[in-house]
>>> print(open('coords13.txt').read())   # compact mmCIF, C-alpha atoms (C1' of nucleotides)
# COMPACT_ATOMS: atom_id res chain seq x y z
CA MET A 1 -92.05 155.83 20.38
CA VAL A 2 -91.30 153.89 17.27
CA GLY A 3 -87.60 154.60 17.36
CA ARG A 4 -86.03 157.92 16.80
CA LYS A 5 -87.01 159.49 13.55
CA SER A 6 -84.51 158.93 10.76
CA LEU A 7 -83.56 161.84 8.55
CA SER A 8 -81.36 159.81 6.25
CA GLY A 9 -83.65 160.33 3.27
CA ASN A 10 -83.71 164.07 3.72
CA TYR A 11 -82.21 166.19 0.98
CA CYS A 12 -80.82 168.73 3.38
CA PRO A 13 -77.21 167.88 4.16
CA SER A 14 -77.44 169.42 7.62
CA ALA A 15 -80.31 167.12 8.44
CA ARG A 16 -78.42 164.06 7.33
CA SER A 17 -75.41 165.11 9.33
CA LEU A 18 -77.50 165.48 12.43
CA ASP A 19 -78.96 162.08 11.74
CA VAL A 20 -75.48 160.62 12.00
CA ILE A 21 -73.79 162.66 14.73
CA GLY A 22 -76.67 164.65 16.20
CA ASP A 23 -77.22 162.55 19.27
CA TRP A 24 -76.26 163.50 22.73
CA TRP A 25 -72.81 161.92 23.03
CA SER A 26 -71.32 161.34 19.60
CA LEU A 27 -69.83 164.77 19.08
CA LEU A 28 -68.40 164.79 22.58
CA ILE A 29 -66.64 161.53 21.88
CA VAL A 30 -65.35 162.99 18.63
CA ARG A 31 -64.14 166.03 20.48
CA ASP A 32 -62.18 163.85 22.87
CA ALA A 33 -60.79 161.93 19.94
CA PHE A 34 -59.52 165.20 18.49
CA ASP A 35 -57.97 165.75 21.87
CA GLY A 36 -55.97 162.57 21.46
CA LEU A 37 -58.00 160.09 23.48
CA THR A 38 -58.18 156.61 22.02
CA ARG A 39 -59.14 154.10 24.68
CA PHE A 40 -62.45 153.07 26.16
CA GLY A 41 -61.40 153.96 29.66
CA GLU A 42 -60.12 157.35 28.62
CA PHE A 43 -63.42 158.33 27.06
CA HIS A 44 -65.22 156.92 30.05
CA ARG A 45 -63.28 158.98 32.55
CA SER A 46 -63.27 162.11 30.44
CA LEU A 47 -66.98 162.21 29.73
CA GLY A 48 -68.49 160.55 32.76
CA ILE A 49 -70.68 158.63 30.35
CA ALA A 50 -72.27 155.36 31.37
CA LYS A 51 -70.23 152.45 30.11
CA ASN A 52 -73.03 150.73 28.27
CA ILE A 53 -73.87 153.92 26.41
CA LEU A 54 -70.23 154.52 25.59
CA ALA A 55 -69.84 151.02 24.21
CA GLN A 56 -72.93 151.48 22.07
CA ARG A 57 -71.83 154.90 20.77
CA LEU A 58 -68.34 153.73 19.93
CA ARG A 59 -69.88 150.82 18.05
CA THR A 60 -72.14 153.03 15.94
CA LEU A 61 -69.41 155.62 15.35
CA VAL A 62 -67.27 152.81 13.98
CA GLU A 63 -70.15 151.41 11.92
CA ARG A 64 -70.72 154.81 10.42
CA GLY A 65 -67.11 155.32 9.48
CA ILE A 66 -66.25 158.13 11.85
CA LEU A 67 -63.96 156.06 14.04
CA THR A 68 -61.99 152.90 13.42
CA SER A 69 -61.02 150.43 16.08
CA VAL A 70 -57.48 149.29 15.57
CA PRO A 71 -55.71 146.62 17.65
CA ALA A 72 -53.46 148.73 19.87
CA LEU A 73 -50.39 150.24 18.33
CA ASN A 74 -48.03 149.49 21.23
CA GLY A 75 -48.12 145.71 21.46
CA GLY A 76 -50.90 145.94 24.05
CA ALA A 77 -53.87 143.67 23.61
CA HIS A 78 -56.64 146.24 23.80
CA GLN A 79 -58.43 148.11 21.02
CA GLU A 80 -57.87 151.73 20.17
CA TYR A 81 -60.37 154.08 18.61
CA HIS A 82 -59.03 156.50 16.05
CA LEU A 83 -60.65 159.14 13.89
CA THR A 84 -61.01 158.30 10.23
CA ASP A 85 -60.70 160.93 7.53
CA MET A 86 -64.44 161.30 7.74
CA GLY A 87 -64.17 161.88 11.46
CA ARG A 88 -61.30 164.31 11.17
CA ASP A 89 -63.34 166.32 8.70
CA LEU A 90 -65.75 167.10 11.51
CA PHE A 91 -63.12 169.52 12.70
CA PRO A 92 -64.90 172.62 11.35
CA VAL A 93 -68.07 171.55 13.14
CA MET A 94 -66.19 171.35 16.41
CA VAL A 95 -64.56 174.71 15.84
CA ALA A 96 -67.89 176.31 14.99
CA LEU A 97 -69.50 174.95 18.15
CA ARG A 98 -66.54 176.05 20.20
CA GLN A 99 -66.56 179.54 18.78
CA TRP A 100 -70.23 179.98 19.46
CA GLY A 101 -69.92 178.64 22.98
CA GLU A 102 -67.00 180.91 23.76
CA ARG A 103 -69.03 183.86 22.73
CA TYR A 104 -72.35 183.15 24.37
CA LEU A 105 -71.92 180.60 27.12
CA PHE A 106 -69.10 182.02 29.19
CA GLU A 107 -69.09 184.96 31.48
CA PRO A 108 -66.61 187.65 30.51
CA GLY A 109 -63.30 186.60 31.98
CA GLU A 110 -64.43 183.08 32.79
CA PRO A 111 -61.65 180.64 31.94
CA HIS A 112 -62.09 178.12 29.16
CA SER A 113 -59.96 175.93 26.96
CA LYS A 114 -58.64 177.53 23.79
CA LEU A 115 -57.89 176.24 20.35
CA VAL A 116 -54.61 177.38 18.82
CA GLU A 117 -52.29 176.54 15.99
CA ARG A 118 -49.84 174.02 17.36
CA ASP A 119 -46.70 175.55 15.93
CA THR A 120 -47.37 179.22 16.42
CA GLY A 121 -49.85 179.41 19.29
CA ARG A 122 -52.07 181.64 17.23
CA PRO A 123 -55.80 181.48 17.97
CA ILE A 124 -57.93 179.60 15.50
CA ARG A 125 -61.28 180.74 14.19
CA LEU A 126 -63.54 180.09 11.30
CA ASP A 127 -65.48 182.15 8.85
CA VAL A 128 -68.14 181.56 6.29
CA ARG A 129 -67.21 182.79 2.85
CA THR A 130 -68.05 182.48 -0.79
CA ASP A 131 -65.59 180.60 -2.94
CA ASP A 132 -64.07 183.92 -3.98
CA GLY A 133 -63.35 184.82 -0.40
CA ASN A 134 -66.22 187.13 0.45
CA ALA A 135 -67.30 186.97 4.10
CA ILE A 136 -70.94 185.97 4.51
CA THR A 137 -73.49 186.44 7.24
CA ALA A 138 -76.67 184.45 7.59
CA ASP A 139 -78.86 187.10 6.02
CA LYS A 140 -76.77 187.13 2.86
CA ALA A 141 -77.24 183.40 2.34
CA LEU A 142 -79.97 181.49 0.59
CA ILE A 143 -80.81 177.81 0.58
CA LEU A 144 -81.55 176.45 -2.87
CA LYS A 145 -83.87 173.53 -2.43
CA VAL A 146 -83.56 170.50 -4.60
CA PRO A 147 -85.78 171.00 -7.65
CA VAL A 148 -88.40 168.28 -7.84
CA THR A 149 -88.77 166.30 -4.66
CA ASP A 150 -89.25 169.14 -2.25
CA GLU A 151 -88.09 167.95 1.07
CA ASP A 152 -85.39 169.99 2.76
CA MET B 1 -81.76 158.03 35.04
CA VAL B 2 -81.26 161.10 37.11
CA GLY B 3 -81.87 163.49 34.23
CA ARG B 4 -79.66 163.89 31.25
CA LYS B 5 -76.16 164.82 32.20
CA SER B 6 -75.51 168.54 32.21
CA LEU B 7 -72.30 169.88 30.78
CA SER B 8 -72.93 173.47 31.72
CA GLY B 9 -70.06 173.58 34.18
CA ASN B 10 -67.59 172.23 31.66
CA TYR B 11 -64.73 174.47 30.63
CA CYS B 12 -64.76 173.28 27.06
CA PRO B 13 -66.87 175.65 24.96
CA SER B 14 -67.87 172.87 22.58
CA ALA B 15 -69.27 170.90 25.47
CA ARG B 16 -71.32 173.82 26.72
CA SER B 17 -72.63 174.46 23.25
CA LEU B 18 -73.74 170.87 22.94
CA ASP B 19 -75.37 171.19 26.31
CA VAL B 20 -77.55 173.96 24.93
CA ILE B 21 -78.24 172.89 21.36
CA GLY B 22 -76.95 169.33 21.25
CA ASP B 23 -80.26 167.57 21.53
CA TRP B 24 -82.02 165.83 18.76
CA TRP B 25 -84.30 168.58 17.50
CA SER B 26 -82.97 171.98 18.44
CA LEU B 27 -80.56 172.43 15.57
CA LEU B 28 -83.16 171.23 13.10
CA ILE B 29 -85.54 173.86 14.35
CA VAL B 30 -82.80 176.45 14.06
CA ARG B 31 -82.09 175.30 10.52
CA ASP B 32 -85.73 175.81 9.61
CA ALA B 33 -85.64 179.21 11.25
CA PHE B 34 -82.70 180.13 9.02
CA ASP B 35 -84.87 178.96 6.18
CA GLY B 36 -87.48 181.53 7.12
CA LEU B 37 -89.99 179.47 9.06
CA THR B 38 -91.52 181.23 12.02
CA ARG B 39 -94.74 179.53 13.06
CA PHE B 40 -95.51 176.50 15.16
CA GLY B 41 -97.38 174.79 12.38
CA GLU B 42 -94.62 175.43 9.88
CA PHE B 43 -92.03 173.77 12.05
CA HIS B 44 -94.43 170.98 12.77
CA ARG B 45 -95.07 170.22 9.13
CA SER B 46 -91.48 170.68 8.07
CA LEU B 47 -89.93 168.43 10.68
CA GLY B 48 -92.64 165.90 11.38
CA ILE B 49 -91.86 166.40 15.05
CA ALA B 50 -94.42 165.53 17.71
CA LYS B 51 -96.31 168.61 18.79
CA ASN B 52 -95.59 168.28 22.47
CA ILE B 53 -91.89 167.94 21.80
CA LEU B 54 -91.95 170.89 19.45
CA ALA B 55 -93.70 173.04 22.02
CA GLN B 56 -91.16 172.06 24.63
CA ARG B 57 -88.20 172.70 22.35
CA LEU B 58 -89.46 176.08 21.25
CA ARG B 59 -89.95 176.98 24.87
CA THR B 60 -86.40 176.07 25.86
CA LEU B 61 -84.92 177.68 22.76
CA VAL B 62 -86.67 180.87 23.77
CA GLU B 63 -85.57 180.49 27.40
CA ARG B 64 -82.00 180.09 26.29
CA GLY B 65 -82.05 183.13 24.08
CA ILE B 66 -81.77 181.47 20.71
CA LEU B 67 -85.28 182.31 19.60
CA THR B 68 -87.71 185.01 20.60
CA SER B 69 -91.44 184.68 20.39
CA VAL B 70 -92.97 187.86 19.07
CA PRO B 71 -96.69 188.52 18.76
CA ALA B 72 -97.21 188.20 15.00
CA LEU B 73 -96.01 190.98 12.77
CA ASN B 74 -99.08 191.03 10.53
CA GLY B 75 -101.88 191.87 12.92
CA GLY B 76 -102.56 188.15 13.35
CA ALA B 77 -103.00 186.91 16.87
CA HIS B 78 -100.57 184.05 16.82
CA GLN B 79 -96.95 184.00 18.00
CA GLU B 80 -93.97 183.99 15.71
CA TYR B 81 -90.59 182.55 16.53
CA HIS B 82 -87.59 184.47 15.29
CA LEU B 83 -83.88 183.92 15.62
CA THR B 84 -82.07 186.22 18.00
CA ASP B 85 -78.53 187.43 17.34
CA MET B 86 -77.37 184.50 19.41
CA GLY B 87 -79.38 182.18 17.21
CA ARG B 88 -78.21 183.75 14.00
CA ASP B 89 -74.64 183.27 15.11
CA LEU B 90 -75.20 179.54 14.89
CA PHE B 91 -74.92 180.04 11.16
CA PRO B 92 -71.33 178.74 10.94
CA VAL B 93 -72.36 175.61 12.82
CA MET B 94 -75.09 174.97 10.29
CA VAL B 95 -72.75 175.58 7.40
CA ALA B 96 -70.14 173.25 8.87
CA LEU B 97 -72.68 170.48 9.33
CA ARG B 98 -73.99 171.02 5.85
CA GLN B 99 -70.56 170.94 4.29
CA TRP B 100 -69.66 167.70 6.04
CA GLY B 101 -72.94 166.10 5.10
CA GLU B 102 -72.60 167.09 1.48
CA ARG B 103 -69.24 165.44 1.34
CA TYR B 104 -69.90 162.20 3.16
CA LEU B 105 -73.60 161.50 3.27
CA PHE B 106 -74.66 161.84 -0.33
CA GLU B 107 -73.98 159.59 -3.24
CA PRO B 108 -72.09 161.23 -6.07
CA GLY B 109 -74.68 163.01 -8.17
CA GLU B 110 -77.43 162.67 -5.59
CA PRO B 111 -79.41 165.90 -5.42
CA HIS B 112 -79.35 168.02 -2.31
CA SER B 113 -80.14 171.56 -1.28
CA LYS B 114 -77.36 174.08 -1.70
CA LEU B 115 -76.30 177.15 0.17
CA VAL B 116 -75.41 180.17 -1.92
CA GLU B 117 -74.85 183.88 -1.58
CA ARG B 118 -78.22 185.47 -2.18
CA ASP B 119 -77.08 188.24 -4.47
CA THR B 120 -74.53 186.43 -6.59
CA GLY B 121 -75.53 182.77 -6.43
CA ARG B 122 -72.00 181.85 -5.50
CA PRO B 123 -71.57 178.73 -3.37
CA ILE B 124 -70.79 179.26 0.29
CA ARG B 125 -68.23 177.34 2.23
CA LEU B 126 -66.26 177.68 5.42
CA ASP B 127 -62.70 177.25 6.46
CA VAL B 128 -60.78 177.09 9.66
CA ARG B 129 -57.98 179.61 9.85
CA THR B 130 -55.66 181.38 12.22
CA ASP B 131 -56.36 185.02 12.81
CA ASP B 132 -53.71 185.88 10.22
CA GLY B 133 -55.52 183.87 7.58
CA ASN B 134 -53.59 180.64 7.54
CA ALA B 135 -55.72 177.59 6.71
CA ILE B 136 -55.69 174.97 9.45
CA THR B 137 -56.39 171.26 9.51
CA ALA B 138 -57.18 169.29 12.62
CA ASP B 139 -53.67 167.95 13.06
CA LYS B 140 -52.23 171.45 13.14
CA ALA B 141 -54.47 172.47 16.01
CA LEU B 142 -54.00 172.12 19.72
CA ILE B 143 -56.42 172.55 22.60
CA LEU B 144 -55.04 174.55 25.48
CA LYS B 145 -56.80 173.38 28.59
CA VAL B 146 -57.72 175.79 31.29
CA PRO B 147 -54.83 176.01 33.78
CA VAL B 148 -55.94 174.96 37.25
CA THR B 149 -59.27 173.21 37.31
CA ASP B 150 -58.61 170.57 34.72
CA GLU B 151 -61.90 169.66 33.23
CA ASP B 152 -62.22 170.00 29.49
C1' DG C 1 -46.65 132.38 38.95
C1' DT C 2 -50.20 133.87 41.39
C1' DA C 3 -53.07 137.57 43.85
C1' DG C 4 -55.04 141.71 43.12
C1' DA C 5 -56.07 145.57 40.34
C1' DT C 6 -57.33 147.48 35.91
C1' DC C 7 -59.47 147.34 31.42
C1' DG C 8 -63.24 146.75 28.36
C1' DG C 9 -67.09 145.72 28.20
C1' DT C 10 -72.38 143.19 29.08
C1' DT C 11 -76.57 142.57 31.83
C1' DT C 12 -80.13 144.19 34.80
C1' DT C 13 -83.10 147.37 36.54
C1' DA C 14 -85.12 152.09 37.19
C1' DT C 15 -86.32 156.37 35.32
C1' DA C 16 -86.42 160.10 31.99
C1' DA C 17 -87.25 161.43 27.17
C1' DT C 18 -89.89 160.70 23.14
C1' DG C 19 -93.76 159.74 20.08
C1' DC C 20 -98.60 159.20 19.21
C1' DA C 21 -103.25 160.15 19.62
C1' DA C 22 -106.92 162.49 21.64
C1' DC C 23 -108.46 166.66 23.48
C1' DT C 24 -109.11 171.92 24.12
C1' DA C 25 -109.22 176.79 23.52
C1' DT C 26 -108.54 180.39 20.51
C1' DT C 27 -108.50 182.40 16.02
C1' DA C 28 -109.45 182.64 10.99
C1' DT C 29 -112.86 181.49 7.06
C1' DC C 30 -117.13 181.31 4.86
C1' DG D 1 -122.75 181.65 13.50
C1' DA D 2 -120.89 177.17 11.91
C1' DT D 3 -116.60 175.05 10.35
C1' DA D 4 -112.09 174.49 10.05
C1' DA D 5 -107.39 175.45 11.05
C1' DT D 6 -103.92 176.89 14.56
C1' DA D 7 -101.35 176.29 18.65
C1' DG D 8 -100.83 174.03 21.77
C1' DT D 9 -101.74 170.50 26.39
C1' DT D 10 -102.64 166.01 28.49
C1' DG D 11 -102.27 160.99 29.09
C1' DC D 12 -100.42 156.78 27.81
C1' DA D 13 -97.16 153.46 25.62
C1' DT D 14 -92.55 152.76 24.23
C1' DT D 15 -87.67 153.71 23.78
C1' DA D 16 -83.33 155.57 25.32
C1' DT D 17 -80.40 156.51 29.00
C1' DA D 18 -78.12 156.02 33.47
C1' DA D 19 -76.31 153.60 37.47
C1' DA D 20 -74.68 149.71 39.37
C1' DA D 21 -73.51 145.04 39.55
C1' DC D 22 -71.14 141.65 37.27
C1' DC D 23 -67.57 139.15 34.35
C1' DG D 24 -63.67 137.46 31.68
C1' DA D 25 -59.24 138.84 29.94
C1' DT D 26 -55.16 141.25 30.73
C1' DC D 27 -51.63 143.79 33.31
C1' DT D 28 -48.89 144.62 37.62
C1' DA D 29 -46.57 143.64 41.93
C1' DC D 30 -44.52 140.56 44.52
>>> encode(input="coords13.txt", output="structure tokens")
Amino acid sequence: MVGRKSLSGNYCPSARSLDVIGDWWSLLIVRDAFDGLTRFGEFHRSLGIAKNILAQRLRTLVERGILTSVPALNGGAHQEYHLTDMGRDLFPVMVALRQWGERYLFEPGEPHSKLVERDTGRPIRLDVRTDDGNAITADKALILKVPVTDED
Amino acid sequence: MVGRKSLSGNYCPSARSLDVIGDWWSLLIVRDAFDGLTRFGEFHRSLGIAKNILAQRLRTLVERGILTSVPALNGGAHQEYHLTDMGRDLFPVMVALRQWGERYLFEPGEPHSKLVERDTGRPIRLDVRTDDGNAITADKALILKVPVTDED
DNA sequence: GTAGATCGGTTTTATAATGCAACTATTATC
DNA sequence: GATAATAGTTGCATTATAAAACCGATCTAC
């Protein structure tokens, strides 16, 4: 292996996204960050990830601008990892994954965590639409490739 | 290594989803399938993936119900790989990834492929909402963990 | 204030996943 | 019927990952 293939030059935005957060652990760490976790040990316990891998992932997530490491809000001497705006904007990705998993990966009636609006308790979901509000399914969509340098 | 950690028993739907499609190549294959590719060689050329890895991924995607392999529509003797309903329902995940990538991983003005409504050419986007249509940002959401067996 | 526990990692070592190239069997093309 | 393309499989080299041991700095209990 000559190192994992990089998709960073690809003109498909999905491909570039996967290049950045498509590895095994990154999105799980982000999920925990959405859940309010900030410290090394918290991620470690929550995910059961090996510590060396966790350290490496946190480092690259910070490098790539998805997390920042800030020097502990509460006087403590440790670091805390917080989502940046870029990281927080992964929210729809998380919701999409969650929605799909709920539908296909749980037995009917099997318990699972739920995502709700904090204030009202209403369930949260997500839909694909055109900018004028029309709901879209996959078959009604079309990918326009970039004109010259075909790549996508 | 004792095999890559399985998250299939996790009560967080996002985690289970990542367990199924969270590896390096699966979502890229699915993206190409959305793009209309069906044959081994097409995926191979499009992704530049090693052939043994591609074969393995196609096999597990079929096993897991995301693709089906059908015996060539046009009399030909080869297999074709098509998205199942389960696979097609990954569409929002793809759109979410695409939208995030467009925003953060391209220079202003840098060309990239675009997703539009086939009939009208209108751009497609996606939003997180409550079931009564209220737009939601990450900070307004809350994950309700499953009651007894804390896991998520 | 010091002994022990906890936190946040790094290092080492073993194994699994990946990539590459070569090979094969089957199917299209001429 | 020869040639090439397709759709893989096999074997080997390399990389990524995991588990466990280790380590210094900090926090806690006494």
>>> calpha_fit_and_write(input="coords13.txt", fixed="chain A", moving="chain B", output="tab-separated table (two decimals) with C-alpha atoms, in the frame of the given file")
chain	number	residue	atom	x	y	z
B	1	MET	CA	-92.23	155.59	20.21
B	2	VAL	CA	-91.46	153.79	17.02
B	3	GLY	CA	-87.74	154.51	17.19
B	4	ARG	CA	-86.17	157.88	16.88
B	5	LYS	CA	-87.06	159.56	13.65
B	6	SER	CA	-84.55	159.00	10.89
B	7	LEU	CA	-83.56	161.85	8.65
B	8	SER	CA	-81.38	159.81	6.36
B	9	GLY	CA	-83.64	160.31	3.38
B	10	ASN	CA	-83.71	164.06	3.80
B	11	TYR	CA	-82.22	166.16	1.04
B	12	CYS	CA	-80.81	168.73	3.41
B	13	PRO	CA	-77.19	167.87	4.19
B	14	SER	CA	-77.42	169.42	7.64
B	15	ALA	CA	-80.29	167.12	8.48
B	16	ARG	CA	-78.41	164.04	7.37
B	17	SER	CA	-75.39	165.11	9.35
B	18	LEU	CA	-77.49	165.49	12.46
B	19	ASP	CA	-78.94	162.09	11.77
B	20	VAL	CA	-75.46	160.62	12.02
B	21	ILE	CA	-73.79	162.67	14.74
B	22	GLY	CA	-76.65	164.66	16.22
B	23	ASP	CA	-77.19	162.57	19.30
B	24	TRP	CA	-76.22	163.53	22.75
B	25	TRP	CA	-72.80	161.91	23.02
B	26	SER	CA	-71.30	161.34	19.61
B	27	LEU	CA	-69.82	164.77	19.09
B	28	LEU	CA	-68.42	164.78	22.60
B	29	ILE	CA	-66.65	161.54	21.88
B	30	VAL	CA	-65.34	162.99	18.65
B	31	ARG	CA	-64.13	166.06	20.51
B	32	ASP	CA	-62.19	163.86	22.90
B	33	ALA	CA	-60.78	161.95	19.96
B	34	PHE	CA	-59.52	165.23	18.52
B	35	ASP	CA	-57.97	165.78	21.91
B	36	GLY	CA	-55.99	162.58	21.51
B	37	LEU	CA	-58.02	160.11	23.53
B	38	THR	CA	-58.19	156.65	22.06
B	39	ARG	CA	-59.19	154.13	24.70
B	40	PHE	CA	-62.51	153.08	26.16
B	41	GLY	CA	-61.47	153.95	29.67
B	42	GLU	CA	-60.19	157.36	28.64
B	43	PHE	CA	-63.47	158.32	27.08
B	44	HIS	CA	-65.29	156.90	30.03
B	45	ARG	CA	-63.36	158.94	32.55
B	46	SER	CA	-63.35	162.09	30.47
B	47	LEU	CA	-67.05	162.18	29.74
B	48	GLY	CA	-68.58	160.48	32.73
B	49	ILE	CA	-70.76	158.58	30.28
B	50	ALA	CA	-72.36	155.29	31.25
B	51	LYS	CA	-70.30	152.39	30.02
B	52	ASN	CA	-73.06	150.68	28.12
B	53	ILE	CA	-73.90	153.87	26.30
B	54	LEU	CA	-70.26	154.50	25.52
B	55	ALA	CA	-69.85	151.01	24.12
B	56	GLN	CA	-72.90	151.48	21.96
B	57	ARG	CA	-71.81	154.88	20.71
B	58	LEU	CA	-68.32	153.73	19.86
B	59	ARG	CA	-69.83	150.84	17.98
B	60	THR	CA	-72.09	153.04	15.87
B	61	LEU	CA	-69.37	155.62	15.31
B	62	VAL	CA	-67.21	152.84	13.94
B	63	GLU	CA	-70.09	151.45	11.86
B	64	ARG	CA	-70.66	154.84	10.35
B	65	GLY	CA	-67.04	155.36	9.46
B	66	ILE	CA	-66.19	158.15	11.84
B	67	LEU	CA	-63.92	156.08	14.03
B	68	THR	CA	-61.92	152.94	13.41
B	69	SER	CA	-61.01	150.46	16.07
B	70	VAL	CA	-57.45	149.31	15.62
B	71	PRO	CA	-55.75	146.63	17.70
B	72	ALA	CA	-53.46	148.72	19.91
B	73	LEU	CA	-50.37	150.23	18.40
B	74	ASN	CA	-48.07	149.40	21.32
B	75	GLY	CA	-48.20	145.63	21.48
B	76	GLY	CA	-50.98	145.90	24.07
B	77	ALA	CA	-53.99	143.70	23.55
B	78	HIS	CA	-56.69	146.28	23.84
B	79	GLN	CA	-58.47	148.17	21.06
B	80	GLU	CA	-57.85	151.78	20.21
B	81	TYR	CA	-60.34	154.11	18.61
B	82	HIS	CA	-58.99	156.53	16.06
B	83	LEU	CA	-60.62	159.16	13.91
B	84	THR	CA	-60.95	158.33	10.25
B	85	ASP	CA	-60.63	160.98	7.54
B	86	MET	CA	-64.38	161.32	7.73
B	87	GLY	CA	-64.12	161.90	11.45
B	88	ARG	CA	-61.28	164.34	11.16
B	89	ASP	CA	-63.31	166.36	8.71
B	90	LEU	CA	-65.72	167.12	11.52
B	91	PHE	CA	-63.07	169.54	12.70
B	92	PRO	CA	-64.86	172.64	11.35
B	93	VAL	CA	-68.04	171.57	13.13
B	94	MET	CA	-66.15	171.37	16.40
B	95	VAL	CA	-64.52	174.72	15.83
B	96	ALA	CA	-67.86	176.33	14.99
B	97	LEU	CA	-69.46	174.96	18.14
B	98	ARG	CA	-66.51	176.06	20.19
B	99	GLN	CA	-66.52	179.55	18.77
B	100	TRP	CA	-70.22	180.00	19.46
B	101	GLY	CA	-69.88	178.66	22.97
B	102	GLU	CA	-66.97	180.92	23.75
B	103	ARG	CA	-69.00	183.89	22.73
B	104	TYR	CA	-72.32	183.16	24.38
B	105	LEU	CA	-71.88	180.61	27.11
B	106	PHE	CA	-69.06	182.02	29.18
B	107	GLU	CA	-69.04	184.97	31.48
B	108	PRO	CA	-66.58	187.67	30.52
B	109	GLY	CA	-63.25	186.63	31.97
B	110	GLU	CA	-64.38	183.10	32.77
B	111	PRO	CA	-61.60	180.67	31.91
B	112	HIS	CA	-62.05	178.16	29.13
B	113	SER	CA	-59.92	175.96	26.94
B	114	LYS	CA	-58.59	177.54	23.77
B	115	LEU	CA	-57.84	176.28	20.33
B	116	VAL	CA	-54.57	177.41	18.79
B	117	GLU	CA	-52.26	176.58	15.94
B	118	ARG	CA	-49.80	174.08	17.34
B	119	ASP	CA	-46.66	175.58	15.90
B	120	THR	CA	-47.33	179.27	16.38
B	121	GLY	CA	-49.81	179.46	19.25
B	122	ARG	CA	-52.03	181.68	17.18
B	123	PRO	CA	-55.76	181.51	17.93
B	124	ILE	CA	-57.90	179.61	15.46
B	125	ARG	CA	-61.22	180.77	14.18
B	126	LEU	CA	-63.53	180.09	11.29
B	127	ASP	CA	-65.48	182.13	8.84
B	128	VAL	CA	-68.15	181.55	6.29
B	129	ARG	CA	-67.21	182.76	2.85
B	130	THR	CA	-68.07	182.45	-0.80
B	131	ASP	CA	-65.61	180.57	-2.92
B	132	ASP	CA	-64.08	183.88	-3.98
B	133	GLY	CA	-63.37	184.80	-0.38
B	134	ASN	CA	-66.21	187.11	0.46
B	135	ALA	CA	-67.31	186.94	4.10
B	136	ILE	CA	-70.95	185.95	4.51
B	137	THR	CA	-73.48	186.43	7.27
B	138	ALA	CA	-76.66	184.44	7.61
B	139	ASP	CA	-78.87	187.08	6.04
B	140	LYS	CA	-76.78	187.10	2.89
B	141	ALA	CA	-77.24	183.38	2.37
B	142	LEU	CA	-79.97	181.48	0.63
B	143	ILE	CA	-80.82	177.79	0.60
B	144	LEU	CA	-81.57	176.41	-2.83
B	145	LYS	CA	-83.90	173.50	-2.37
B	146	VAL	CA	-83.61	170.46	-4.53
B	147	PRO	CA	-85.82	170.92	-7.61
B	148	VAL	CA	-88.46	168.21	-7.80
B	149	THR	CA	-88.85	166.25	-4.62
B	150	ASP	CA	-89.31	169.09	-2.21
B	151	GLU	CA	-88.12	167.90	1.12
B	152	ASP	CA	-85.43	169.94	2.78
>>> residues_around(input="coords13.txt", residues="DA25 (chain D)", least_positions_apart="5", cutoff="12 Å", atoms="all atoms listed in the file", output="PyMOL selection string")
(chain A and resi 77-78) or (chain C and resi 6-9)
>>> write_last_selection(input="coords13.txt", atoms="C-alpha atoms (C1' of nucleotides)", output="PDB file, keeping the file's coordinate frame")
ATOM      1  CA  ALA A  77     -53.870 143.670  23.610  1.00  0.00           C
ATOM      2  CA  HIS A  78     -56.640 146.240  23.800  1.00  0.00           C
TER       3      HIS A  78
ATOM      4  C1'  DT C   6     -57.330 147.480  35.910  1.00  0.00           C
ATOM      5  C1'  DC C   7     -59.470 147.340  31.420  1.00  0.00           C
ATOM      6  C1'  DG C   8     -63.240 146.750  28.360  1.00  0.00           C
ATOM      7  C1'  DG C   9     -67.090 145.720  28.200  1.00  0.00           C
TER       8       DG C   9
END
>>> interface_residues(input="coords13.txt", of="chain D", to="chain A", cutoff="8 Å", atoms="only C-alpha atoms (C1' of nucleotides)", output="PDB file with C-alpha atoms (C1' of nucleotides), in the coordinates of the input")
ATOM      1  C1'  DA D  13     -97.160 153.460  25.620  1.00  0.00           C
ATOM      2  C1'  DT D  14     -92.550 152.760  24.230  1.00  0.00           C
ATOM      3  C1'  DT D  15     -87.670 153.710  23.780  1.00  0.00           C
ATOM      4  C1'  DT D  17     -80.400 156.510  29.000  1.00  0.00           C
ATOM      5  C1'  DA D  18     -78.120 156.020  33.470  1.00  0.00           C
ATOM      6  C1'  DA D  19     -76.310 153.600  37.470  1.00  0.00           C
ATOM      7  C1'  DT D  26     -55.160 141.250  30.730  1.00  0.00           C
TER       8       DT D  26
END
>>> interface_residues(input="coords13.txt", of="chain B", to="chain A", cutoff="6 Å", atoms="all atoms listed in the file", output="MDAnalysis selection string")
chainID B and resid 11:14 17 23:24 91:93 96:98 101:102 112:118 123:130 138 140:146
>>> closest_residue(input="coords13.txt", among="C:DA21, C:DT27, C:DT15, C:DT10", to="DA21 (chain D)", atoms="only C-alpha atoms (C1' of nucleotides)")
C:DT10
>>> interface_residues(input="coords13.txt", of="chain C", to="chain B", cutoff="9 Å", atoms="all atoms listed in the file", output="list of chain:residue names")
C:DA14, C:DT15, C:DA16, C:DA17, C:DT18, C:DG19, C:DC20, C:DT27
>>> residues_near_point(input="coords13.txt", point="(-45.1, 145.9, 41.8)", cutoff="12 Å", atoms="all atoms listed in the file", output="VMD selection string")
(chain C and resid 3 to 5) or (chain D and resid 27 to 30)
>>> atom_distance(input="coords13.txt", atom1="C1' of DA16 (chain D)", atom2="CA of Ala55 (chain B)")
20.6 Å
>>> atom_distance(input="coords13.txt", atom1="CA of Ile66 (chain B)", atom2="C1' of DA7 (chain D)")
20.4 Å
